[in-house]
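Visitor: Got a structure for you, protein.txt, holding compact mmCIF, C-alpha atoms and all ligand atoms.
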# COMPACT_ATOMS: atom_id res chain seq x y z
CA MET A 1 150.53 -87.32 72.50
CA LEU A 2 152.21 -88.25 75.81
CA ASN A 3 155.55 -86.96 74.55
CA ASN A 4 153.94 -83.68 73.62
CA TYR A 5 152.42 -83.32 77.08
CA LEU A 6 155.78 -84.01 78.83
CA ALA A 7 157.60 -81.57 76.53
CA PHE A 8 154.92 -78.94 77.20
CA ASN A 9 155.35 -79.20 81.02
CA LEU A 10 159.18 -79.34 80.97
CA THR A 11 159.26 -76.22 78.81
CA ASN A 12 156.96 -74.47 81.26
CA ILE A 13 159.16 -75.38 84.28
CA TYR A 14 162.22 -74.13 82.39
CA ALA A 15 160.43 -70.90 81.54
CA ALA A 16 159.36 -70.46 85.16
CA CYS A 17 162.96 -70.70 86.32
CA LEU A 18 164.05 -68.07 83.85
CA CYS A 19 161.25 -65.59 84.53
CA ARG A 20 160.80 -66.31 88.21
CA LEU A 21 157.07 -66.86 87.74
CA SER A 22 155.04 -69.57 89.35
CA VAL A 23 154.64 -72.73 87.32
CA LYS A 24 150.86 -72.28 87.50
CA GLN A 25 151.05 -68.74 86.08
CA ILE A 26 153.36 -69.87 83.32
CA MET A 27 151.07 -72.79 82.42
CA GLU A 28 148.06 -70.47 82.18
CA THR A 29 149.98 -68.07 79.85
CA ARG A 30 151.23 -70.93 77.66
CA LYS A 31 147.74 -72.38 77.38
CA ILE A 32 146.44 -69.05 76.07
CA GLU A 33 149.36 -68.79 73.61
CA ILE A 34 148.70 -72.30 72.32
CA LEU A 35 144.99 -71.64 71.96
CA VAL A 36 145.76 -68.48 69.94
CA LYS A 37 148.20 -70.44 67.76
CA LEU A 38 145.65 -73.21 67.22
CA LYS A 39 143.00 -70.63 66.32
CA ARG A 40 145.41 -69.00 63.84
CA ARG A 41 146.24 -72.37 62.34
CA SER A 42 142.58 -73.25 61.90
CA ILE A 43 141.92 -69.88 60.19
CA PHE A 44 144.94 -70.49 57.95
CA ARG A 45 143.70 -74.02 57.16
CA LYS A 46 140.25 -72.64 56.35
CA TYR A 47 141.66 -70.04 53.95
CA PHE A 48 144.01 -72.56 52.42
CA LEU A 49 141.10 -74.94 51.85
CA ILE A 50 138.91 -72.20 50.31
CA THR A 51 141.74 -71.07 48.00
CA PHE A 52 142.54 -74.62 46.97
CA VAL A 53 138.91 -75.48 46.19
CA SER A 54 138.46 -72.20 44.24
CA PHE A 55 141.58 -72.97 42.26
CA LEU A 56 140.20 -76.41 41.42
CA ILE A 57 136.84 -74.98 40.34
CA LEU A 58 138.47 -72.26 38.21
CA GLY A 59 140.80 -74.83 36.68
CA CYS A 60 137.87 -77.06 35.75
CA ASN A 61 135.98 -74.14 34.24
CA LYS A 62 138.99 -73.17 32.16
CA ARG A 63 139.37 -76.73 30.98
CA ASN A 64 135.67 -76.84 30.09
CA GLU A 65 136.06 -73.60 28.08
CA ALA A 66 138.98 -75.10 26.19
CA ALA A 67 136.99 -78.28 25.55
CA LYS A 68 134.13 -76.18 24.18
CA THR A 69 136.40 -74.55 21.64
CA THR A 70 139.30 -76.61 20.44
CA GLN A 71 139.06 -80.09 21.88
CA LEU A 72 135.55 -81.09 20.94
CA PRO A 73 135.69 -84.72 19.92
CA ILE A 74 134.88 -85.71 16.37
CA ALA A 75 131.60 -87.59 16.59
CA PRO A 76 131.66 -90.76 14.49
CA PRO A 77 129.36 -91.15 11.45
CA VAL A 78 125.71 -91.55 12.46
CA ASP A 79 124.27 -95.01 11.72
CA ARG A 80 120.98 -93.44 10.65
CA PHE A 81 122.77 -91.97 7.60
CA LYS A 82 124.62 -95.08 6.39
CA GLU A 83 122.33 -95.35 3.37
CA LEU A 84 121.87 -91.60 2.88
CA LYS A 85 123.44 -89.93 -0.16
CA ILE A 86 124.75 -86.57 0.90
CA ILE A 87 125.82 -83.81 -1.52
CA ASP A 88 128.54 -81.47 -0.22
CA VAL A 89 127.59 -78.28 -2.10
CA HIS A 90 130.68 -76.21 -1.29
CA ASN A 91 134.12 -77.78 -1.65
CA HIS A 92 137.50 -76.26 -2.60
CA ASP A 93 139.33 -79.54 -3.24
CA ALA A 94 140.24 -78.66 -6.83
CA SER A 95 143.04 -76.50 -5.38
CA ASP A 96 146.25 -78.55 -5.55
CA ASN A 97 144.20 -81.60 -6.68
CA LYS A 98 143.29 -82.17 -3.04
CA TYR A 99 140.21 -84.15 -4.03
CA LEU A 100 142.43 -87.13 -4.88
CA SER A 101 143.03 -87.80 -1.19
CA SER A 102 139.48 -87.09 -0.01
CA PHE A 103 137.62 -90.18 -1.22
CA SER A 104 138.06 -92.26 1.95
CA LEU A 105 136.63 -89.46 4.12
CA TRP A 106 133.70 -89.03 1.71
CA ASN A 107 133.01 -92.77 1.89
CA LYS A 108 133.17 -92.72 5.68
CA TYR A 109 130.52 -89.96 5.94
CA SER A 110 128.24 -91.02 3.04
CA ILE A 111 129.22 -88.03 0.89
CA ASN A 112 127.87 -89.25 -2.40
CA LYS A 113 128.58 -86.17 -4.54
CA VAL A 114 130.64 -83.02 -4.27
CA VAL A 115 130.32 -79.55 -5.82
CA LEU A 116 133.93 -79.03 -6.77
CA PHE A 117 135.92 -75.86 -7.38
CA GLY A 118 139.17 -74.40 -6.09
CA ASP A 119 140.42 -70.84 -5.72
CA VAL A 120 137.91 -67.99 -5.78
CA SER A 121 137.54 -64.84 -7.90
CA GLU A 122 141.20 -64.39 -8.82
CA PRO A 123 143.45 -65.41 -11.74
CA PRO A 124 144.68 -68.75 -10.23
CA ALA A 125 141.03 -69.85 -10.20
CA ILE A 126 141.24 -70.27 -13.98
CA ILE A 127 143.61 -73.19 -13.34
CA THR A 128 141.57 -74.73 -10.53
CA ASP A 129 138.39 -74.43 -12.68
CA GLU A 130 140.16 -76.67 -15.19
CA ILE A 131 141.21 -79.10 -12.43
CA ALA A 132 137.56 -79.33 -11.33
CA TRP A 133 136.57 -80.07 -14.92
CA GLN A 134 139.20 -82.82 -15.27
CA ALA A 135 138.06 -84.34 -11.97
CA TYR A 136 134.52 -84.43 -13.35
CA LYS A 137 135.75 -86.08 -16.55
CA ALA A 138 137.52 -88.76 -14.48
CA TYR A 139 134.66 -89.20 -11.96
CA PRO A 140 131.44 -88.00 -13.62
CA ASN A 141 129.27 -89.55 -10.92
CA LYS A 142 131.16 -87.93 -8.09
CA PHE A 143 131.51 -84.25 -9.00
CA TYR A 144 129.54 -81.22 -10.10
CA PRO A 145 132.27 -78.88 -11.42
CA PHE A 146 131.75 -75.15 -10.73
CA PHE A 147 133.96 -72.25 -11.86
CA SER A 148 134.93 -68.79 -10.60
CA GLY A 149 137.91 -67.73 -12.73
CA PHE A 150 136.48 -64.54 -14.21
CA ASN A 151 136.70 -60.83 -13.44
CA LEU A 152 133.21 -59.58 -12.65
CA HIS A 153 134.37 -56.00 -13.32
CA ASP A 154 135.35 -56.76 -16.93
CA SER A 155 132.74 -57.01 -19.72
CA THR A 156 134.62 -59.93 -21.33
CA CYS A 157 133.59 -62.08 -18.36
CA LEU A 158 130.15 -62.53 -19.93
CA ASN A 159 131.66 -64.32 -22.91
CA SER A 160 133.91 -66.56 -20.84
CA ILE A 161 130.98 -67.50 -18.55
CA LYS A 162 128.89 -68.39 -21.60
CA ASN A 163 131.71 -70.60 -22.91
CA GLN A 164 132.11 -72.43 -19.62
CA LEU A 165 128.37 -73.10 -19.40
CA GLU A 166 128.30 -74.31 -23.02
CA LYS A 167 131.17 -76.63 -22.14
CA GLY A 168 129.06 -78.18 -19.40
CA TYR A 169 130.01 -76.69 -16.03
CA PHE A 170 127.09 -77.06 -13.64
CA GLY A 171 127.30 -73.68 -11.89
CA LEU A 172 129.34 -70.65 -10.86
CA GLY A 173 131.22 -70.47 -7.61
CA GLU A 174 132.50 -69.60 -5.28
CA VAL A 175 132.12 -66.04 -6.56
CA VAL A 176 133.14 -63.26 -4.18
CA ALA A 177 130.31 -60.71 -4.27
CA ASN A 178 131.89 -59.04 -1.23
CA SER A 179 134.52 -59.79 1.38
CA THR A 180 135.63 -57.43 4.12
CA ASN A 181 136.53 -59.59 7.12
CA SER A 182 137.95 -62.81 5.69
CA PRO A 183 141.76 -62.65 5.87
CA VAL A 184 142.10 -64.67 2.66
CA VAL A 185 139.05 -63.86 0.53
CA SER A 186 139.06 -60.09 1.15
CA LYS A 187 142.35 -59.89 -0.76
CA VAL A 188 141.33 -61.61 -4.01
CA ALA A 189 141.83 -59.53 -7.17
CA TRP A 190 138.41 -60.01 -8.78
CA LYS A 191 136.15 -59.61 -5.75
CA GLY A 192 133.04 -57.46 -5.85
CA PHE A 193 131.69 -55.13 -3.20
CA HIS A 194 128.07 -56.29 -3.13
CA ALA A 195 125.68 -58.67 -4.88
CA MET A 196 124.82 -56.14 -7.64
CA ASP A 197 128.39 -54.96 -8.25
CA GLY A 198 130.20 -54.93 -11.62
CA TYR A 199 128.67 -57.21 -14.25
CA LEU A 200 126.83 -59.35 -11.69
CA PRO A 201 123.39 -58.05 -12.83
CA GLU A 202 124.17 -59.19 -16.42
CA ILE A 203 125.68 -62.45 -15.14
CA TYR A 204 122.44 -63.29 -13.28
CA LYS A 205 120.45 -62.80 -16.48
CA LEU A 206 122.84 -64.87 -18.58
CA ILE A 207 123.02 -67.86 -16.23
CA ALA A 208 119.23 -67.98 -15.80
CA LYS A 209 119.04 -69.13 -19.45
CA TYR A 210 121.32 -72.06 -18.60
CA LYS A 211 119.60 -72.74 -15.28
CA ALA A 212 123.05 -72.60 -13.69
CA PRO A 213 123.07 -71.60 -10.02
CA ILE A 214 125.62 -69.16 -8.61
CA LEU A 215 127.26 -69.70 -5.21
CA LEU A 216 128.14 -66.33 -3.67
CA HIS A 217 130.55 -65.45 -0.91
CA ILE A 218 129.44 -62.41 1.09
CA ASP A 219 131.08 -61.31 4.32
CA PRO A 220 129.93 -59.78 6.49
CA VAL A 221 126.27 -60.59 5.94
CA ASP A 222 125.12 -57.22 7.26
CA GLU A 223 122.04 -55.10 6.54
CA TYR A 224 123.60 -53.35 3.54
CA GLN A 225 124.74 -56.59 1.91
CA ILE A 226 121.39 -58.26 2.57
CA LYS A 227 119.60 -55.30 0.92
CA LEU A 228 121.63 -55.68 -2.28
CA LEU A 229 121.23 -59.46 -2.27
CA ASP A 230 117.50 -58.88 -1.90
CA SER A 231 117.61 -56.64 -5.04
CA ALA A 232 119.52 -59.29 -6.99
CA LEU A 233 116.94 -61.95 -6.06
CA THR A 234 113.97 -59.65 -6.78
CA VAL A 235 115.19 -58.52 -10.20
CA ASN A 236 116.21 -62.08 -11.20
CA PRO A 237 113.53 -64.49 -10.00
CA GLN A 238 114.71 -67.09 -12.54
CA THR A 239 118.28 -67.12 -11.19
CA ASN A 240 119.07 -69.49 -8.35
CA ILE A 241 121.40 -67.82 -5.90
CA ILE A 242 123.10 -69.83 -3.15
CA LEU A 243 124.63 -67.88 -0.29
CA GLY A 244 127.82 -69.71 0.73
CA HIS A 245 128.25 -70.60 4.42
CA ALA A 246 125.20 -68.43 5.15
CA ASN A 247 125.24 -69.47 8.81
CA ALA A 248 128.86 -68.45 9.53
CA TYR A 249 128.98 -65.45 11.90
CA SER A 250 125.21 -65.09 11.36
CA ASP A 251 122.20 -65.05 13.59
CA PRO A 252 119.93 -68.03 12.75
CA LYS A 253 117.13 -65.61 11.79
CA ALA A 254 119.26 -63.05 9.92
CA LEU A 255 118.24 -64.32 6.48
CA GLU A 256 114.69 -65.41 7.22
CA ASN A 257 113.16 -62.54 5.23
CA LEU A 258 115.07 -63.61 2.12
CA LEU A 259 113.95 -67.22 2.62
CA ILE A 260 110.32 -66.10 2.89
CA LYS A 261 110.44 -63.69 -0.05
CA HIS A 262 112.52 -65.57 -2.60
CA LYS A 263 112.09 -69.19 -3.63
CA ASN A 264 115.23 -68.74 -5.76
CA PHE A 265 117.31 -68.12 -2.63
CA TYR A 266 119.26 -71.06 -1.21
CA TYR A 267 120.97 -71.29 2.16
CA ASP A 268 124.32 -73.12 2.15
CA PHE A 269 124.67 -74.43 5.71
CA PHE A 270 128.35 -74.95 6.66
CA ALA A 271 127.61 -77.17 9.66
CA GLY A 272 131.23 -77.36 10.83
CA PHE A 273 131.27 -73.67 11.73
CA ASN A 274 128.55 -73.94 14.37
CA ALA A 275 129.86 -77.23 15.70
CA TYR A 276 133.60 -76.57 15.94
CA ASN A 277 134.70 -73.02 15.11
CA PRO A 278 135.80 -71.28 18.36
CA GLU A 279 134.29 -68.00 17.08
CA ARG A 280 130.75 -69.35 16.76
CA LYS A 281 128.07 -67.63 18.80
CA TYR A 282 125.42 -70.23 18.04
CA ASN A 283 125.39 -74.01 18.05
CA LEU A 284 123.95 -76.46 15.52
CA ILE A 285 120.74 -76.82 17.51
CA ASP A 286 120.02 -73.09 17.06
CA PHE A 287 119.62 -73.55 13.28
CA VAL A 288 117.25 -76.54 13.39
CA GLU A 289 114.13 -74.37 13.59
CA ILE A 290 114.98 -72.34 10.47
CA ALA A 291 115.94 -75.50 8.53
CA ASN A 292 112.64 -77.16 9.47
CA LYS A 293 110.74 -74.02 8.46
CA TYR A 294 112.32 -73.69 4.98
CA PRO A 295 113.31 -77.27 4.13
CA ASP A 296 113.21 -76.70 0.37
CA GLN A 297 115.88 -73.97 0.44
CA PHE A 298 118.50 -75.54 2.71
CA LEU A 299 121.68 -77.13 1.37
CA ILE A 300 124.62 -78.56 3.32
CA SER A 301 128.37 -78.28 2.91
CA SER A 302 131.87 -78.75 4.31
CA ASP A 303 133.61 -75.63 2.84
CA SER A 304 136.56 -78.07 2.86
CA GLY A 305 136.75 -77.62 6.64
CA TYR A 306 137.74 -73.93 6.52
CA GLY A 307 138.90 -72.84 10.00
CA ILE A 308 138.40 -76.34 11.45
CA THR A 309 139.55 -79.80 10.34
CA TYR A 310 138.21 -81.53 7.27
CA GLU A 311 136.80 -84.45 9.25
CA GLN A 312 135.13 -82.10 11.76
CA ALA A 313 133.28 -80.53 8.82
CA TYR A 314 131.76 -83.88 7.79
CA SER A 315 131.13 -85.03 11.33
CA ALA A 316 129.19 -81.77 11.87
CA ILE A 317 127.03 -82.46 8.80
CA HIS A 318 125.96 -85.75 10.38
CA GLN A 319 125.43 -84.11 13.76
CA PHE A 320 123.24 -81.38 12.25
CA LEU A 321 121.14 -83.74 10.13
CA ASN A 322 120.68 -85.97 13.16
CA LEU A 323 119.06 -83.05 15.01
CA ILE A 324 116.31 -83.04 12.36
CA SER A 325 113.69 -85.60 13.24
CA SER A 326 111.87 -85.78 9.91
CA ASP A 327 113.58 -88.18 7.46
CA GLU A 328 111.82 -86.38 4.64
CA ILE A 329 113.44 -83.04 5.56
CA VAL A 330 116.82 -84.71 6.06
CA ALA A 331 116.62 -86.14 2.53
CA LYS A 332 115.81 -82.70 1.08
CA ILE A 333 118.68 -80.95 2.84
CA ALA A 334 121.19 -83.76 2.31
CA SER A 335 120.67 -83.97 -1.44
CA GLY A 336 117.09 -83.52 -2.73
CA ASN A 337 117.17 -79.73 -3.02
CA PHE A 338 120.48 -79.64 -4.84
CA GLU A 339 119.51 -82.53 -7.13
CA ARG A 340 116.44 -80.53 -8.14
CA LEU A 341 118.69 -77.61 -9.13
CA MET A 342 121.00 -79.93 -11.07
CA ASP A 343 118.11 -81.64 -12.86
CA ALA A 344 116.99 -78.23 -14.10
CA ARG A 345 120.54 -77.47 -15.19
CA LYS A 346 120.87 -80.79 -17.07
CA ASN A 347 117.58 -80.15 -18.88
CA ALA A 348 118.83 -76.71 -19.96
CA ILE A 349 122.01 -78.27 -21.43
CA LYS A 350 120.03 -80.68 -23.64
ZN ZN B 401 134.39 -71.50 0.39
Translate the structure of the given file into structure tokens.
Guide:
Amino acid sequence: MLNNYLAFNLTNIYAACLCRLSVKQIMETRKIEILVKLKRRSIFRKYFLITFVSFLILGCNKRNEAAKTTQLPIAPPVDRFKELKIIDVHNHDASDNKYLSSFSLWNKYSINKVVLFGDVSEPPAIITDEIAWQAYKAYPNKFYPFFSGFNLHDSTCLNSIKNQLEKGYFGLGEVVANSTNSPVVSKVAWKGFHAMDGYLPEIYKLIAKYKAPILLHIDPVDEYQIKLLDSALTVNPQTNIILGHANAYSDPKALENLLIKHKNFYYDFFAGFNAYNPERKYNLIDFVEIANKYPDQFLISSDSGYGITYEQAYSAIHQFLNLISSDEIVAKIASGNFERLMDARKNAIK
């Protein structure tokens, strides 16, 4: 401080000599210059501080956005469900025999049984249908084998469906009634264009006799598709139709009219989508009301973690069920509703 003061005065005397001004005049001028400099510095500091703080806030927000989408932690299994027996009603693990490496994850998340199939509505599905059947033969208490290796535009599909049901498959799926947006499913060779397309009307009638449910893939679930699904359900009240991943890209109330009108309509809730998929518009909590309102028509699934990780899909099932306070409703959604469908199917086989 003292050094600064001495330097300040010596500089002023030197300046006075050069400009032939009085030391007093020079000191006054220098004081003004310094005050202006100090003022400028304080304005600069203020702006610097504001910019720095804004940067920090923006940075945090961006990090929070990222956390919301990709870095959500996998919640561990919920203790409340240790003894629960969950049925995953939509699983593609027959493809490449993936099911062989899934048992430890199923044990971790109390997944007692799995509806197993592989590829969908295209020729390679014939092979994965067989893999699902062999898995069932090896682990009859673990799997419900479904099949989808038939061309719904070809009349011979009716015969092959009959044969598969006589053999003992529990249901049909995942059958592509329509796909427009899915990058994978929209390209399959045997897809339909709506729920009443091709031989689907005859298929519904045939499978009602066997009490075999059909799991449909429909994307997008728009007004037109809902209208044709409504027709399929109305004309075939004895056929149980499950809409696969009905919640994905859907408003929680989009299918409420179908749930009210048709007791043969089942809602496959792919919990992982609304917990972890970055494209979700709604969160798990947004679907609790509709699940509580129609507890007899809700089913739950992993869709083998499509678009997310496999473990996220199971963690999300626990998270969703844990949002439902009634243990009775949890039991229905976790397994009771699907067991009821399978009991009917088993009685039809006898
Ligand atoms: Zn699927």
Visitor: How far is it from CA of Pro278 in chain A to CA of His245 in chain A, in Å with one decimal?
Guide: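 Going from CA of Pro278 in chain A over to CA of His245 in chain A covers 15.9 Å.
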Visitor: CA of Ser231 in chain A and CA of Phe338 in chain A, how far apart in Å?
Guide: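 Separation of CA of Phe338 in chain A and CA of Ser231 in chain A: 23.2 Å.
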Visitor: For ligand ZN 401 (chain B), collect every residue having any atom at a distance of at most 7 Å from a ligand atom (counting all atoms listed in the file); output as an mmCIF file with C-alpha atoms, keeping the file's coordinate frame.
Guide:
data_model
loop_
_atom_site.group_PDB
_atom_site.id
_atom_site.type_symbol
_atom_site.label_atom_id
_atom_site.label_comp_id
_atom_site.auth_asym_id
_atom_site.auth_seq_id
_atom_site.Cartn_x
_atom_site.Cartn_y
_atom_site.Cartn_z
ATOM 1 C CA HIS A 90 130.680 -76.210 -1.290
ATOM 2 C CA ASN A 91 134.120 -77.780 -1.650
ATOM 3 C CA HIS A 92 137.500 -76.260 -2.600
ATOM 4 C CA GLU A 174 132.500 -69.600 -5.280
ATOM 5 C CA GLY A 244 127.820 -69.710 0.730
ATOM 6 C CA ASP A 303 133.610 -75.630 2.840
#
Visitor: For CA of Gly149 in chain A and CA of Ile242 in chain A, determine how far apart the two atoms are, in Å to one decimal place.
Guide: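 Separation of CA of Gly149 in chain A and CA of Ile242 in chain A: 17.8 Å.
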Visitor: Show which residues sit within 8 Å of Lys211 in chain A, as a PyMOL selection string. Count only C-alpha atoms, and ignore same-chain residues fewer than 3 positions away.
Guide: chain A and resi 207-208+238-240+341+344-345+348
Visitor: Excluding Ile329 in chain A and its own-chain neighbours fewer than 2 positions away, which residues fall within 10 Å of it when counting all atoms listed in the file? Please give them as a compact mmCIF listing (two decimals) with C-alpha atoms, keeping the file's coordinate frame.
Guide:
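Contents of out26.txt, freshly written:
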# COMPACT_ATOMS: atom_id res chain seq x y z
CA ALA A 291 115.94 -75.50 8.53
CA ASN A 292 112.64 -77.16 9.47
CA LYS A 293 110.74 -74.02 8.46
CA TYR A 294 112.32 -73.69 4.98
CA PRO A 295 113.31 -77.27 4.13
CA ASP A 296 113.21 -76.70 0.37
CA PHE A 298 118.50 -75.54 2.71
CA LEU A 321 121.14 -83.74 10.13
CA ILE A 324 116.31 -83.04 12.36
CA SER A 325 113.69 -85.60 13.24
CA SER A 326 111.87 -85.78 9.91
CA ASP A 327 113.58 -88.18 7.46
CA ALA A 331 116.62 -86.14 2.53
CA LYS A 332 115.81 -82.70 1.08
CA ILE A 333 118.68 -80.95 2.84
CA ALA A 334 121.19 -83.76 2.31
CA GLY A 336 117.09 -83.52 -2.73
CA ASN A 337 117.17 -79.73 -3.02
Visitor: Which is closest to Ala313 in chain A among A:Lys281, A:Lys82, A:Asp88, A:Tyr204, if we use all atoms listed in the file?
Guide: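 So, comparing all the options, the nearest one is A:Asp88.
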Visitor: What's the 7 Å shell around range 142-147 of chain A, counting all atoms listed in the file, without same-chain residues fewer than 2 positions away, as a PyMOL selection string?
Guide: chain A and resi 112-117+129+132-133+136+139-140+149+169-173
Visitor: Closest to Lys187 in chain A among A:Glu83, A:Asp222, A:Glu122, A:Glu289, using all atoms listed in the file?
Guide: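 That would be A:Glu122, the residue with the smallest distance to Lys187 in chain A.
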Visitor: Taking all atoms listed in the file into account, which of A:Lys261, A:Leu100, A:Pro252, A:Ile214 comes nearest Thr234 in chain A?
Guide: A:Lys261
Visitor: Have a look at A:Lys346, A:Arg80, A:Lys162, A:Lys227 and name the one nearest to Ala195 in chain A; count only C-alpha atoms.
Guide: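 The answer is A:Lys227, which sits nearest to Ala195 in chain A.
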Visitor: Within 8 Å of (122.8, -66.6, -4.9) in the file's own coordinates, which protein, DNA or RNA residues have an atom, counting only C-alpha atoms? List them as a short mmCIF file (atom, residue, chain, number, x, y, z; two decimals) with C-alpha atoms, in the frame of the given file.
Guide:
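Contents of out30.cif, freshly written:
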data_model
loop_
_atom_site.label_atom_id
_atom_site.label_comp_id
_atom_site.auth_asym_id
_atom_site.auth_seq_id
_atom_site.Cartn_x
_atom_site.Cartn_y
_atom_site.Cartn_z
CA PRO A 213 123.07 -71.60 -10.02
CA ILE A 214 125.62 -69.16 -8.61
CA LEU A 215 127.26 -69.70 -5.21
CA LEU A 216 128.14 -66.33 -3.67
CA LEU A 229 121.23 -59.46 -2.27
CA LEU A 233 116.94 -61.95 -6.06
CA THR A 239 118.28 -67.12 -11.19
CA ASN A 240 119.07 -69.49 -8.35
CA ILE A 241 121.40 -67.82 -5.90
CA ILE A 242 123.10 -69.83 -3.15
CA LEU A 243 124.63 -67.88 -0.29
CA ASN A 264 115.23 -68.74 -5.76
CA PHE A 265 117.31 -68.12 -2.63
CA TYR A 266 119.26 -71.06 -1.21
#
Visitor: Identify which of the residues A:Ala138, A:Val185, A:Ile161, A:Ala316 lies closest to Ser301 in chain A, counting only C-alpha atoms when measuring atom-to-atom distances.
Guide: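 Nearest to Ser301 in chain A: A:Ala316.
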Visitor: Would you kindly identify which residues have an atom no farther than 12 Å from (141.4, -59.2, -4.3), using only C-alpha atoms and the file's own coordinates, and write them out as a VMD selection string?
Guide: chain A and resid 119 to 124 151 to 153 175 to 180 182 to 193
Visitor: If you count only C-alpha atoms, which residues fall within 6 Å of Thr128 in chain A, apart from same-chain ones fewer than 5 positions away, as a list in words?
Guide: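 Listing them by chain and then by number gives Ala94, Ser95 and Gly118 of chain A.
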Visitor: Given all atoms listed in the file as the basis, pick out the residue of A:Leu228, A:Ala271, A:Leu165, A:Ala135 nearest to Ile349 in chain A.
Guide: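 The shortest atom-to-atom distance to Ile349 in chain A comes from A:Leu165.
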Visitor: Quick one: residues within 12 Å of Asp230 in chain A, only C-alpha atoms counted, chain neighbours fewer than 5 positions away excluded, as a PDB file with C-alpha atoms, in the coordinates of the input?
Guide:
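Saved to selection_5.pdb:
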ATOM      1  CA  HIS A 194     128.070 -56.290  -3.130  1.00  0.00           C
ATOM      2  CA  ALA A 195     125.680 -58.670  -4.880  1.00  0.00           C
ATOM      3  CA  MET A 196     124.820 -56.140  -7.640  1.00  0.00           C
ATOM      4  CA  VAL A 221     126.270 -60.590   5.940  1.00  0.00           C
ATOM      5  CA  GLU A 223     122.040 -55.100   6.540  1.00  0.00           C
ATOM      6  CA  TYR A 224     123.600 -53.350   3.540  1.00  0.00           C
ATOM      7  CA  GLN A 225     124.740 -56.590   1.910  1.00  0.00           C
ATOM      8  CA  VAL A 235     115.190 -58.520 -10.200  1.00  0.00           C
ATOM      9  CA  ASN A 236     116.210 -62.080 -11.200  1.00  0.00           C
ATOM     10  CA  PRO A 237     113.530 -64.490 -10.000  1.00  0.00           C
ATOM     11  CA  ILE A 241     121.400 -67.820  -5.900  1.00  0.00           C
ATOM     12  CA  LEU A 243     124.630 -67.880  -0.290  1.00  0.00           C
ATOM     13  CA  LEU A 255     118.240 -64.320   6.480  1.00  0.00           C
ATOM     14  CA  GLU A 256     114.690 -65.410   7.220  1.00  0.00           C
ATOM     15  CA  ASN A 257     113.160 -62.540   5.230  1.00  0.00           C
ATOM     16  CA  LEU A 258     115.070 -63.610   2.120  1.00  0.00           C
ATOM     17  CA  LEU A 259     113.950 -67.220   2.620  1.00  0.00           C
ATOM     18  CA  ILE A 260     110.320 -66.100   2.890  1.00  0.00           C
ATOM     19  CA  LYS A 261     110.440 -63.690  -0.050  1.00  0.00           C
ATOM     20  CA  HIS A 262     112.520 -65.570  -2.600  1.00  0.00           C
ATOM     21  CA  LYS A 263     112.090 -69.190  -3.630  1.00  0.00           C
ATOM     22  CA  ASN A 264     115.230 -68.740  -5.760  1.00  0.00           C
ATOM     23  CA  PHE A 265     117.310 -68.120  -2.630  1.00  0.00           C
TER      24      PHE A 265
END
